[in-house]
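What follows is a short report on a single structure.
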Amino acid sequence: MKRNHTFSLKKLLFTGSVLLFLVIGTVLAIVISMLSNKLLPQQMAERWSEEKDVAQISCFFSVDAGMTVDSIETFEHNLDNALVEASIYSTSLNEEARLWADAYSATGKITISTDSGNSITSDALGVGGDFFLFHPLQLLGGSYFSGHDVNQDYVVLDRNAAWKLFGSNDVAGMTVYIGNIPHIIAGVVEVESGKLAQAGGVNDTVVFVSYDSLNKYGVNHGINHYEIVMPSPVSSYAFSYVKDNIGASEAEMEVVENSERFSFFNRLKLIKGFASRSMNGKAIIYPYWENIARGYENILSLLTVIMLLVFAYPATVLIVIIVRLWKKKTWTLKSIFLICKDKAERKLEQRRMKKMKEEMDYEDLI
Amino acid sequence: MNEGKNKREWIKNAVIVFLVIMLLLTFFSNTIMNYSLPEVAVQYVESGSITAKIRGNGVIESGDPYYVTIEQQRKVEAVNVRPGDMVQEGDVLAVLSASASSDMKTKEQEVKAAEEAMDAAQKQFETLLLTGGYDVSVMNNAGEMASADSLAKQIIKLKNKETALKDDISGLEADIADVDEQMNAISLQLSINSINNIGSEQEYKDYTDAVAALSDANTTLERVRVEKENYEIQYGFSESDVNSTSNGDAALDRYQTLVRDYNAMQTQVNWLTFNKNETEKVLTEKLESSNTGLNGQKNNLTVQKNNLQKSLDEKNTELSKVSEDLAELTKNITDSSALQTASEAITKAQETYQELLAEYEEMQGVAIDTEVVAPFTGTIVSVPISAGTDTIDSPGEGKGYTIVTMQREGRGYTMEFSVTNDQAKRIAVGDEAEVVNSWRYDNMTLTVSGIKNDLKNPGQGKVITLDVRGDYITPGQNISVSVGEKSANYDMIVPNSAIREDNNGKFVLLVETKSSPLGNRYIATRADVKVVASDDTKSAITGDLYAWSYVITTSTAPVEAGQQVRLAEN
């Protein structure tokens with residue numbers, strides 16, 4: 001009686017611990033998957049196309065790379081030709097659908113003032129292309145603007161900037177002055193916040209203006225970011241194309257495939273390169289969202305390692321059980337094969353008998 | 001036994017707790033699920049109007065600056081005006097010093113030196129003549145025996161005259177060449193003038209468009225006529241058959257159509273011909289008036305040339321007489337090389353003296369007041385001088401030195417600003433523009449007067465010129481303007497934040513209501529749209545949606561088509 005009791009307790013503990021580890025591992029896997037999908041700027045490929053035939057590629061440049069709006073326009077033009085040559089056409093029924101969309105930005109500072117005399121000097125992003133398509137920050141009012149708009153004198157404020165200038169979020173459509181030139185507020189957004197965001201570079205206030213305005217009226221540190229979502233019929237097509245044709249050398253830029261960066265394989269790769277991860281030899285200043293994404297990459301890699309270790313325990317147990325069962329088994333492959341053969345032969349025999357009987361019956365009839 | 005009872009008790013409690021939790025979850029499932037749904041703000045799709053505006057800024061410039069200048073460089077004693085001041089005709093703009101500037105002083109000294117040099121050369125000649133033992137047996141004008149003294153004086157006098165005449169002659173020849181050049185230029189212009197280049201770009205375009213339209217119409221008319229004739233020949237129809245009933249006769253139907261078309265085309269051709277003639281008339285009238293003007297100028301120049309030629313001939317005659325007299329006087333002394341050299345030295349010194357004297361007189365010639373007054377009523381645009389310094393060269397059309405530039409009262413101002421090609425497409429000459437923050441500027445009217453290529457950005461942009469009128473306009477003022485397209489009405493208008501895009505084009509998310517036993521459910525559905533116009537805050541769309549739908553503008557989390565959402569509180 002006693003032996004049964006301790007046996008069952010041990011077994012209970014054992015099964016309990018295996019299940020616990022399984023649960024923890026699953027929870028970790030779920031958390032990793034949720035965190036991977038949390039960063040919207042990394043999810044452009046999914047937003048752009050439901051099928052997995054597009055990729056989002058980001059490039060970050062050092063000041064030496066000398067990226068200009070002209071070089072980006074040249075790249076866009078060449079891309080159109082390259083897609084035609086590769087016979088990649090839009091399969092959408094909508095004739096105005098675009099195959100690709102892109103955006104670029106520069107960081108800097110800018111001074112904004114209002115009619116009533118309030119003024120702030122804020123971190124600023126001078127953006128071009130469809131920046132907000134890639135960065136759908138939550139709108140607290142108004143709307144985004146795009147580099148394709150007819151006028152390029154729009155401003156998007158963040159919550160803090162709107163508060164400092166007007167004391168309200170409901171300011172879309174109002175006029176502010178940048179360099180004494182009137183600009184129109186397109187909208188107010190909620191920028192990422194939290195420890196990681198602050199470490200990544202999100203300071204007190206941040207405003208978004210057109211690259212043109214930043215260049216003319218603010219402090220412009222040069223275009224340091226370009227991203228594009230484009231068709232990628234085979235894996236790495238988009239990545240290689242952008243890297244080879246964007247017009248900067250490898251020593252002056254960093255290229256990232258956003259759609260792949262949180263995949264299992266990539267997370268493992270990060271662990272491999274973990275020692276050199278903190279080294280930065282390219283004098284590139286990443287925009288705040290890229291810094292946040294890199295922070296997430298680190299966190300997720302760590303979680304992946306923990307998850308693998310946690311799963312290691314139940315996995316080992318499972319293997320041990322399988323091995324034990326295998327050793328204990330009373331059958332061999334050969335015996336199974338013979339049994340199957342036997343069964344098959346018997347079935348064949350039965351059929352033959354049946355056929356013969358039918359023939360005899362038939363002959364009888366005649 | 002006890003153990004068993006405890007165990008059952010425990011199981012019973014566990015089951016009760018479990019059932020209670022399940023019950024609660026079921027009843028509050030809707031509310032719980034709702035909290036996990038993204039919250040969206042919606043807007044009703046309605047009709048309205050959109051006025052897209054192009055904005056830009058630039059500096060107001062004087063449309064027609066007038067340079068108030070003086071001929072000579074002077075030192076400025078005082079400046080009485082500033083840019084932006086309004087002055088009346090006769091107001092004193094600046095006070096200059098009365099004395100000549102350093103330039104004049106230098107010139108004066110040069111003239112003195114030349115005069116002394118001339119005197120020295122003359123003295124030299126006299127001395128040489130007196131001491132050289134020459135045969136001076138020439139009669140002087142009064143019939144007396146000439147003394148070496150008076151001979152020298154006469155020779156010098158004649159030499160003076162010779163030099164002066166030569167100077168005048170070369171001056172007249174230069175003037176004649178000048179007039180010739182001007183006449184040639186006019187002749188060239190006359191030969192170039194044609195209706196192809198005489199009118200403005202717009203006028204010429206109107207004309208060529210009219211010609212092309214007429215030609216097209218004629219071609220079509222001819223085609224219809226030929227076909228009509230073919231029918232008449234083939235079927236024996238005539239124009240009187242136009243009104244008969246056809247009873248399904250295809251040929252007759254076709255013929256009737258052809259006749260009607262032909263008549264209609266003919267009317268159109270007539271109208272187009274009239275139109276072409278009108279546009280042509282504009283150009284030919286311009287051409288005629290230009291040619292008439294040019295011919296008039298040419299006649300004036302011819303008269304001028306004839307006068308100059310007459311003076312030239314007179315002077316030439318005089319010169320030959322003087323040269324003859326001189327030769328007569330010097331015929332006995334021409335073999336001395338020393339005298340020859342001295343004689344030439346006099347001529348040279350005389351020429352130099354004449355030149356410098358002429359320059360000096362030119363500087364002195366114009367009477368310059370010490371006060372510079374405004375020649376008309378207007379506004380001061382710029383003041384490039386300041387007290388204590390010399391005046392500077394004028395960049396204006398007139399030569400001389402600029403005191404101030406002025407804008408005549410009532411004359412218009414202009415403002416230029418750059419736009420992209422996209423923006424330029426939406427602006428037409430004649431559009432009215434508004435000043436941003438217009439309450440600051442009383443009744444300023446701005447009209448687009450020109451669209452030209454931006455030379456700083458060739459091919460990339462254009463420059464819009466606005467004609468600016470109003471009171472109290474200060475050149476140099478920087479203003480921001482907006483030029484609007486004509487506003488248009490559209491059936492479906494949504495805020496810009498409602499427009500989304502993916503690789504299937506632009507779309508909006510509509511909210512559809514589905515009622516269920518647990519209350520209303522709101523589902524987001526996708527509707528593909530096309531944006532036909534947009535302004536700063538809203539866009540006009542067409543697409544597969546009804547005008548009374550609700551579109552999603554903003555949401556707390558990303559929303560996909562087919563997903564359930566909940567509406568924001570208001």
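By convention in this document, the chains of the structure tokens carry letters A, B, ... by their order, each chain's residues are numbered from 1, and ligands are numbered from 1 in the order they are shown.
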Asn263 in chain B: which residues within 12 Å, counting only C-alpha atoms, same-chain residues fewer than 6 positions away excluded, as a PyMOL selection string?
chain B and resi 220-222+224-225+228+239+242+256-257+269-270
Hey, list the chain A side of the contact with chain B: 7 Å cut-off, only C-alpha atoms, answer as a PyMOL selection string.
chain A and resi 47-49+92+94+96-99+138-139+142-144+150-151
Residue subset to file, keeping all heavy atoms, as a compact mmCIF listing (two decimals), in the first residue's frame:
# COMPACT_ATOMS: atom_id res chain seq x y z
N ARG A 47 0.12 44.46 -44.05
CA ARG A 47 -0.93 45.45 -44.34
C ARG A 47 -1.09 45.65 -45.83
O ARG A 47 -2.17 45.94 -46.31
CB ARG A 47 -0.58 46.79 -43.68
CG ARG A 47 -0.76 46.81 -42.19
CD ARG A 47 -0.95 48.25 -41.70
NE ARG A 47 0.22 49.08 -41.91
CZ ARG A 47 1.28 49.09 -41.13
NH1 ARG A 47 1.32 48.29 -40.07
NH2 ARG A 47 2.30 49.87 -41.39
N TRP A 48 0.00 45.55 -46.55
CA TRP A 48 -0.04 45.86 -47.98
C TRP A 48 -0.68 44.74 -48.78
O TRP A 48 -1.43 44.98 -49.72
CB TRP A 48 1.40 46.13 -48.47
CG TRP A 48 1.52 46.70 -49.82
CD1 TRP A 48 2.04 46.10 -50.92
CD2 TRP A 48 1.11 48.00 -50.25
NE1 TRP A 48 1.99 46.93 -52.01
CE2 TRP A 48 1.43 48.12 -51.62
CE3 TRP A 48 0.51 49.09 -49.63
CZ2 TRP A 48 1.17 49.27 -52.37
CZ3 TRP A 48 0.26 50.23 -50.36
CH2 TRP A 48 0.58 50.31 -51.73
N SER A 49 -0.36 43.50 -48.45
CA SER A 49 -0.91 42.41 -49.25
C SER A 49 -1.23 41.24 -48.36
O SER A 49 -0.49 40.92 -47.44
CB SER A 49 0.13 42.00 -50.30
OG SER A 49 -0.22 40.74 -50.81
N SER A 92 -4.23 43.34 -59.50
CA SER A 92 -5.45 43.82 -58.88
C SER A 92 -6.42 44.30 -59.94
O SER A 92 -6.03 44.73 -61.01
CB SER A 92 -5.08 44.97 -57.94
OG SER A 92 -6.21 45.68 -57.60
N ASN A 94 -8.22 46.84 -59.56
CA ASN A 94 -8.21 48.29 -59.50
C ASN A 94 -7.05 48.80 -60.32
O ASN A 94 -5.89 48.48 -60.05
CB ASN A 94 -8.07 48.70 -58.03
CG ASN A 94 -8.21 50.20 -57.85
OD1 ASN A 94 -8.07 50.95 -58.80
ND2 ASN A 94 -8.48 50.61 -56.63
N GLU A 96 -5.82 51.67 -60.48
CA GLU A 96 -4.96 52.66 -59.85
C GLU A 96 -4.12 52.05 -58.75
O GLU A 96 -3.41 52.75 -58.04
CB GLU A 96 -5.80 53.78 -59.27
CG GLU A 96 -6.75 54.37 -60.28
CD GLU A 96 -6.98 55.84 -60.05
OE1 GLU A 96 -6.84 56.27 -58.90
OE2 GLU A 96 -7.30 56.53 -61.02
N ALA A 97 -4.21 50.71 -58.57
CA ALA A 97 -3.45 50.08 -57.49
C ALA A 97 -1.96 50.18 -57.77
O ALA A 97 -1.52 50.08 -58.90
CB ALA A 97 -3.86 48.61 -57.36
N ARG A 98 -1.19 50.39 -56.71
CA ARG A 98 0.25 50.52 -56.88
C ARG A 98 0.94 49.22 -56.52
O ARG A 98 0.50 48.52 -55.62
CB ARG A 98 0.78 51.63 -55.96
CG ARG A 98 0.28 52.99 -56.34
CD ARG A 98 1.08 54.05 -55.61
NE ARG A 98 0.68 54.20 -54.23
CZ ARG A 98 1.35 54.91 -53.33
NH1 ARG A 98 2.47 55.48 -53.67
NH2 ARG A 98 0.92 55.00 -52.09
N LEU A 99 2.03 48.94 -57.22
CA LEU A 99 2.78 47.74 -56.89
C LEU A 99 3.61 47.95 -55.64
O LEU A 99 3.86 47.02 -54.89
CB LEU A 99 3.74 47.38 -58.04
CG LEU A 99 3.19 46.48 -59.13
CD1 LEU A 99 4.26 46.26 -60.19
CD2 LEU A 99 2.78 45.14 -58.53
N GLN A 138 -1.36 56.25 -33.90
CA GLN A 138 -2.76 56.45 -33.60
C GLN A 138 -3.11 57.94 -33.69
O GLN A 138 -2.45 58.78 -33.09
CB GLN A 138 -3.07 55.94 -32.19
CG GLN A 138 -4.55 55.91 -31.95
CD GLN A 138 -4.89 55.64 -30.52
OE1 GLN A 138 -4.02 55.29 -29.74
NE2 GLN A 138 -6.14 55.82 -30.18
N LEU A 139 -4.15 58.24 -34.45
CA LEU A 139 -4.56 59.63 -34.65
C LEU A 139 -5.46 60.06 -33.51
O LEU A 139 -6.49 59.45 -33.24
CB LEU A 139 -5.34 59.77 -35.95
CG LEU A 139 -4.54 59.94 -37.23
CD1 LEU A 139 -5.45 59.82 -38.42
CD2 LEU A 139 -3.85 61.30 -37.25
N GLY A 142 -7.70 64.75 -36.69
CA GLY A 142 -7.20 65.12 -38.01
C GLY A 142 -6.78 63.90 -38.82
O GLY A 142 -7.30 62.82 -38.65
N SER A 143 -5.80 64.09 -39.70
CA SER A 143 -5.35 62.98 -40.53
C SER A 143 -3.87 63.13 -40.80
O SER A 143 -3.23 64.07 -40.36
CB SER A 143 -6.12 62.98 -41.85
OG SER A 143 -5.91 64.20 -42.51
N TYR A 144 -3.31 62.17 -41.55
CA TYR A 144 -1.91 62.22 -41.91
C TYR A 144 -1.72 63.09 -43.14
O TYR A 144 -2.68 63.53 -43.75
CB TYR A 144 -1.39 60.82 -42.24
CG TYR A 144 -1.63 59.79 -41.17
CD1 TYR A 144 -2.33 58.63 -41.47
CD2 TYR A 144 -1.18 59.94 -39.88
CE1 TYR A 144 -2.55 57.65 -40.53
CE2 TYR A 144 -1.40 58.97 -38.92
CZ TYR A 144 -2.08 57.83 -39.26
OH TYR A 144 -2.30 56.87 -38.31
N VAL A 150 -0.64 67.74 -52.89
CA VAL A 150 -0.36 68.89 -53.75
C VAL A 150 0.45 69.94 -52.98
O VAL A 150 1.42 70.47 -53.49
CB VAL A 150 -1.66 69.50 -54.26
CG1 VAL A 150 -1.37 70.77 -55.03
CG2 VAL A 150 -2.37 68.52 -55.16
N ASN A 151 0.05 70.22 -51.75
CA ASN A 151 0.81 71.17 -50.94
C ASN A 151 1.71 70.41 -49.99
O ASN A 151 1.36 69.33 -49.52
CB ASN A 151 -0.14 72.06 -50.13
CG ASN A 151 -0.85 73.06 -51.00
OD1 ASN A 151 -0.25 73.71 -51.83
ND2 ASN A 151 -2.15 73.16 -50.81
Taking 2 positions as the minimum chain separation for residues in the same chain, which residues sit within 12 Å of Leu308 in chain A when counting only C-alpha atoms? Answer as a list of chain:residue names.
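After dropping sequence-adjacent residues, the list is A:Phe21, A:Leu22, A:Ile24, A:Gly25, A:Thr26, A:Leu28, A:Ala29, A:Phe264, A:Arg267, A:Leu268, A:Ser301, A:Leu302, A:Leu303, A:Thr304, A:Val305, A:Ile306, A:Val310, A:Phe311, A:Ala312, A:Tyr313, A:Pro314, A:Ala315, A:Thr316.
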Mind listing the strand (DSSP E or B) residues of range 54-298 of chain A, per DSSP on the backbone, as a PyMOL selection string?
chain A and resi 54-61+101-113+119-129+138-142+154-158+175-178+181-190+206-210+219-231+253-257
At a cut-off of 9 Å, using only C-alpha atoms, what residues contact Gly201 in chain A? Leave out same-chain residues fewer than 2 positions from it and give the result as a CSV table (one decimal) with N, CA and C atoms, in the first residue's frame.
chain,number,residue,atom,x,y,z
A,196,LEU,N,11.4,51.7,-23.5
A,196,LEU,CA,12.1,51.3,-24.7
A,196,LEU,C,12.0,52.5,-25.7
A,197,ALA,N,10.9,53.1,-25.8
A,197,ALA,CA,10.7,54.3,-26.7
A,197,ALA,C,11.7,55.4,-26.3
A,198,GLN,N,11.7,55.7,-25.0
A,198,GLN,CA,12.5,56.8,-24.6
A,198,GLN,C,14.0,56.5,-24.9
A,199,ALA,N,14.4,55.2,-24.6
A,199,ALA,CA,15.8,54.9,-24.8
A,199,ALA,C,16.0,54.9,-26.3
A,203,ASN,N,11.8,61.8,-27.4
A,203,ASN,CA,12.0,62.7,-26.3
A,203,ASN,C,10.7,63.4,-26.0
A,286,TYR,N,20.0,55.5,-35.9
A,286,TYR,CA,18.7,55.0,-36.3
A,286,TYR,C,17.6,55.8,-35.8
A,287,PRO,N,16.5,55.9,-36.6
A,287,PRO,CA,15.3,56.6,-36.1
A,287,PRO,C,14.7,55.8,-34.9
A,288,TYR,N,13.9,56.5,-34.1
A,288,TYR,CA,13.5,55.9,-32.9
A,288,TYR,C,12.8,54.6,-33.1
A,289,TRP,N,12.0,54.4,-34.1
A,289,TRP,CA,11.2,53.2,-34.3
A,289,TRP,C,12.2,52.0,-34.6
A,291,ASN,N,15.2,51.8,-33.4
A,291,ASN,CA,15.8,51.5,-32.1
A,291,ASN,C,14.9,50.6,-31.3
A,292,ILE,N,13.6,51.0,-31.3
A,292,ILE,CA,12.6,50.2,-30.6
A,292,ILE,C,12.6,48.8,-31.1
CA of Glu95 in chain A to CA of Tyr226 in chain A measures 26.3 Å
Given only C-alpha atoms as the basis, pick out the residue of B:Val435, B:Leu19, B:Ile155, B:Leu96 nearest to Lys331 in chain B.
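Comparing B:Val435, B:Leu19, B:Ile155, B:Leu96 against Lys331 in chain B, the winner is B:Ile155.
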Given the choices A:Leu133, A:Ile112, A:Ala162, A:Val256, which gets closest to Ile181 in chain A if the distance is worked out from only C-alpha atoms?
A:Ile112
